[in-house]
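Chemist: One structure, pasted below without further comment.
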Amino acid sequence: MPILPIQWFRTIKIGYSNMIHKGPRPLVLCGPSGTGKSTLIKRLFDEFPDTFKFSVSHTTRMPRPGEEDGTHYHFTDKEKMQQQMKNGEFIETATFSGNLYGTSKRAVEEVQRLGKVCVLDIDIQGVKQIKRTDLNPFYVFVKPPSIEELERRLKARNTETEESLERRLSIARSELEYGETPGNFDVVIENDELEKTYEILRNFILATYNLRCSTGESSVFRFFRR
Ligand SMILES: Nc1ncnc2c1ncn2[C@@H]1O[C@H](COP(=O)(O)OP(=O)(O)OP(=O)(O)O)[C@@H](O)[C@H]1O
C-alpha cells in the first residue's frame with residue numbers, strides 16, 4: 001500500500017480538516033446588535049448540545065456568588081491580563097465598567113481539544129482581530145432585513161435606552177458595510193423569518209463541518225461524521 005503524505009489526510013475533511021492536531025475549526029457568528037445571533041445560537045445549542053461549546057472568557061471583575069473560576073470565567077487581574085494582551089494571547093478584548101474582558105486563544109483551543117466546535121459571538125472588531133491569528137474559523141455574518149427592522153427588534157427587546165439604541169444603529173450601519181463586502185465572511189445570512197434563517201444556518205453548518213444528521217426513533221437528531 002502506498003504511503004500517503006499527511007497533507008492527503010488533511011484534505012479529506014473540510015470542517016474537521018485540522019482535527020488531527022487541534023480539533024474542529026471554530027465558528028464565528030457576527031452581525032449588528034439585535035440581528036438575532038443569540039437567538040440563533042440558542043437554537044443551535046438546543047438542537048445539538050454535544051457539538052457546540054462556548055469558550056470560557058477572561059475577566060478582571062470579581063467573581064459573583066456561585067461563579068467558579070475556569071467554568072463561568074477565568075478570573076484574573078488587570079496587570080496579568082494586560083501583560084497577556086501584550087504577548088498576543090487574546091483574540092479579542094473589551095472594557096465594560098472599568099473591567100477587562102477577553103477571549104484567549106487558549107480558551108478556544110481548549111474547546112477544540114474536546115472535539116467540539118467553539119462558537120464565538122463577536123463584533124466586527126473581534127472578527128478583524130481573529131483574522132490576524134491562526135485560529136482559522138468559519139465566519140458567518142447575520143444581517144437584519146433592514147435598519148428599520150433592526151430598530152424595531154431592538155425596541156421590542158426592551159434592553160436599550162434612546163441613547164444606546166442610537167449608538168447601536170449607527171454602529172450597525174458601518175458593520176453592515178463590512179459584513180456585506182465580498183470575501184469578509186464565508187456566508188451572509190439575512191435574518192428575516194427566524195425559522196427560515198435557522199434552516200439556512202443549520203444547512204451551512206451541516207455541510208461545512210461535513211456532518212449529517214438523521215432522525216432517530218425518538219425523533220432526536222443525531223450527528224454522524226461522514
Ligand atoms: N427573525 C426574527 N424575527 C423577529 N424577531 C427576531 C428574529 N430573530 C431574533 N428576533 C428578536 O430580535 C431581538 C434581538 O435578537 P438577539 O438578542 O438574538 O440579537 P443579538 O444579535 O444576539 O443581539 P446582541 O448582539 O445585542 O446580543 C430578540 O428580542 C429576538 O427575539
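Every chain in the C-alpha cells has a letter given in the order shown (A, B, ...), and although residue numbers restart at 1 in each chain, ligands are simply numbered from 1 in the order shown.
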Would you tabulate, counting only C-alpha atoms, all residues of segment 119-173 of chain A that have an atom at most 7 Å from an atom of segment 25-35 of chain A, showing the closest pair of atoms and their distance in Å to one decimal, sorted by chain then ascending number, as a tab-separated table?

Modeler:
residue	atom	partner	partner_atom	distance
A:Val119	CA	A:Leu27	CA	4.9
A:Leu120	CA	A:Val28	CA	4.7
A:Asp121	CA	A:Leu29	CA	4.9
A:Ile122	CA	A:Cys30	CA	5.4
A:Asp123	CA	A:Cys30	CA	5.5
A:Ile124	CA	A:Cys30	CA	6.8
A:Asn136	CA	A:Arg25	CA	6.5
A:Pro137	CA	A:Pro26	CA	4.5
A:Phe138	CA	A:Leu27	CA	5.0
A:Tyr139	CA	A:Val28	CA	4.9
A:Val140	CA	A:Leu29	CA	5.0
A:Phe141	CA	A:Cys30	CA	4.9
A:Val142	CA	A:Gly31	CA	4.8
A:Lys143	CA	A:Gly31	CA	5.8
A:Pro144	CA	A:Thr35	CA	5.2
A:Leu150	CA	A:Gly34	CA	6.3
A:Arg153	CA	A:Gly34	CA	6.5
A:Leu154	CA	A:Gly34	CA	5.5
A:Arg168	CA	A:Ser33	CA	6.5
A:Ala172	CA	A:Pro32	CA	4.9

Chemist: Convert the current residue selection to file output with C-alpha atoms, as a PDB file, in the first residue's frame.

Modeler:
ATOM      1  CA  VAL A 119     -18.810  29.202  18.915  1.00  0.00           C
ATOM      2  CA  LEU A 120     -17.706  32.832  19.042  1.00  0.00           C
ATOM      3  CA  ASP A 121     -20.376  35.542  19.101  1.00  0.00           C
ATOM      4  CA  ILE A 122     -18.312  38.634  18.387  1.00  0.00           C
ATOM      5  CA  ASP A 123     -18.422  42.030  16.758  1.00  0.00           C
ATOM      6  CA  ILE A 124     -16.548  43.210  13.667  1.00  0.00           C
ATOM      7  CA  ASN A 136      -8.877  29.777  11.101  1.00  0.00           C
ATOM      8  CA  PRO A 137     -12.603  29.708  11.945  1.00  0.00           C
ATOM      9  CA  PHE A 138     -15.597  29.755   9.641  1.00  0.00           C
ATOM     10  CA  TYR A 139     -17.160  33.210   9.512  1.00  0.00           C
ATOM     11  CA  VAL A 140     -20.947  33.734   9.421  1.00  0.00           C
ATOM     12  CA  PHE A 141     -22.435  37.196   9.129  1.00  0.00           C
ATOM     13  CA  VAL A 142     -26.055  37.596  10.242  1.00  0.00           C
ATOM     14  CA  LYS A 143     -27.732  40.691   8.876  1.00  0.00           C
ATOM     15  CA  PRO A 144     -31.122  42.231   9.548  1.00  0.00           C
ATOM     16  CA  LEU A 150     -33.348  46.160  13.382  1.00  0.00           C
ATOM     17  CA  ARG A 153     -36.386  44.444  17.189  1.00  0.00           C
ATOM     18  CA  LEU A 154     -34.077  46.352  19.486  1.00  0.00           C
ATOM     19  CA  ARG A 168     -26.180  50.558  18.200  1.00  0.00           C
ATOM     20  CA  ALA A 172     -24.852  48.680  12.717  1.00  0.00           C
TER      21      ALA A 172
END

Chemist: Could you pull out the residues in segment 58-177 of chain A that DSSP calls strand (DSSP E) from the backbone, as a list in words?

Modeler: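 Strand (DSSP E) assignments inside segment 58-177 of chain A correspond to His58, Thr59, His74, Phe75, Phe90, Ile91, Glu92, Thr93, Ala94, Thr95, Phe96, Asn99, Leu100, Tyr101, Gly102, Thr103, Ser104, Val117, Cys118, Val119, Leu120, Asp121, Phe138, Tyr139, Val140, Phe141, Val142 and Lys143 of chain A.
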
Chemist: List the spatial neighbours of segment 58-65 of chain A as a PyMOL selection string - criterion: any atom at most 7 Å away, only C-alpha atoms, same-chain residues fewer than 4 positions off excluded.

Modeler: chain A and resi 73-78+99-103

Chemist: Taking only C-alpha atoms into account, which of A:Ile171, A:Lys131, A:Glu148, A:Glu160 comes nearest Phe185 of chain A?

Modeler: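 Among the listed residues, the smallest separation from Phe185 of chain A belongs to A:Lys131.
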
Chemist: Using only C-alpha atoms and all ligand atoms, which of the listed residues (A:Tyr198, A:Phe45, A:Tyr178, A:Phe54) sits closest to ligand 1?

Modeler: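 Of A:Tyr198, A:Phe45, A:Tyr178, A:Phe54, the one nearest ligand 1 is A:Tyr198, counting only C-alpha atoms and all ligand atoms.
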
Chemist: From the list A:Gly36, A:Glu195, A:Cys118, A:Glu163, which residue is nearest ligand 1 when using only C-alpha atoms and all ligand atoms?

Modeler: A:Gly36

Chemist: Find, counting only C-alpha atoms and all ligand atoms, the residue in A:Thr39, A:Arg202, A:Pro49, A:Asn158 that gets nearest to ligand 1.

Modeler: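 Ranked by minimum distance to ligand 1, first place goes to A:Thr39.
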
Chemist: Just how far from atom CA of Ala107 of chain A is atom 29 (O, counted along the ligand's line) of ligand 1, in Å to one decimal?

Modeler: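 The value is 28.8 Å.
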
Chemist: Pick the closest to Ser146 of chain A from A:Arg43, A:Arg173, A:Lys22, A:Lys37: which is it, counting only C-alpha atoms?

Modeler: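 Of the candidates, the smallest distance to Ser146 of chain A is held by A:Arg173.
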
Chemist: Quick one, how far is atom 12 (O, counted along the ligand's line) of ligand 1 from atom CA of Leu40 of chain A?

Modeler: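 Answer for the atom 12 (O, counted along the ligand's line) of ligand 1 to atom CA of Leu40 of chain A separation: 10.1 Å.
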
Chemist: Please identify which residues in segment 43-189 of chain A DSSP calls helix (DSSP H, G or I) from the backbone, and express them as a ChimeraX atom specification.

Modeler: /A:43-47,78-86,105-113,124-131,147-157,162-179

Chemist: Write out as a list in words the residues lying within 10 Å of Glu110 of chain A, counting only C-alpha atoms and excluding same-chain residues fewer than 5 positions away.

Modeler: Lys22, Gly23, Ser55, Val56, Lys105, Gly115, Lys116 and Cys118 of chain A

Chemist: Could you save the residues just selected, with C-alpha atoms, as an mmCIF file, in the first residue's frame?

Modeler:
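File written: part_16.cif
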data_model
loop_
_atom_site.group_PDB
_atom_site.id
_atom_site.type_symbol
_atom_site.label_atom_id
_atom_site.label_comp_id
_atom_site.auth_asym_id
_atom_site.auth_seq_id
_atom_site.Cartn_x
_atom_site.Cartn_y
_atom_site.Cartn_z
ATOM 1 C CA LYS A 22 -6.310 20.894 17.023
ATOM 2 C CA GLY A 23 -9.950 19.825 16.644
ATOM 3 C CA SER A 55 -15.098 29.254 25.222
ATOM 4 C CA VAL A 56 -14.543 30.495 28.767
ATOM 5 C CA LYS A 105 -6.616 31.724 22.031
ATOM 6 C CA GLY A 115 -13.534 17.786 19.781
ATOM 7 C CA LYS A 116 -16.266 20.429 19.920
ATOM 8 C CA CYS A 118 -16.149 26.581 19.613
#

Chemist: Please report the interatomic distance between atom CA of Gly179 of chain A and atom CA of Gln129 of chain A in Å with one decimal.

Modeler: 14.7 Å
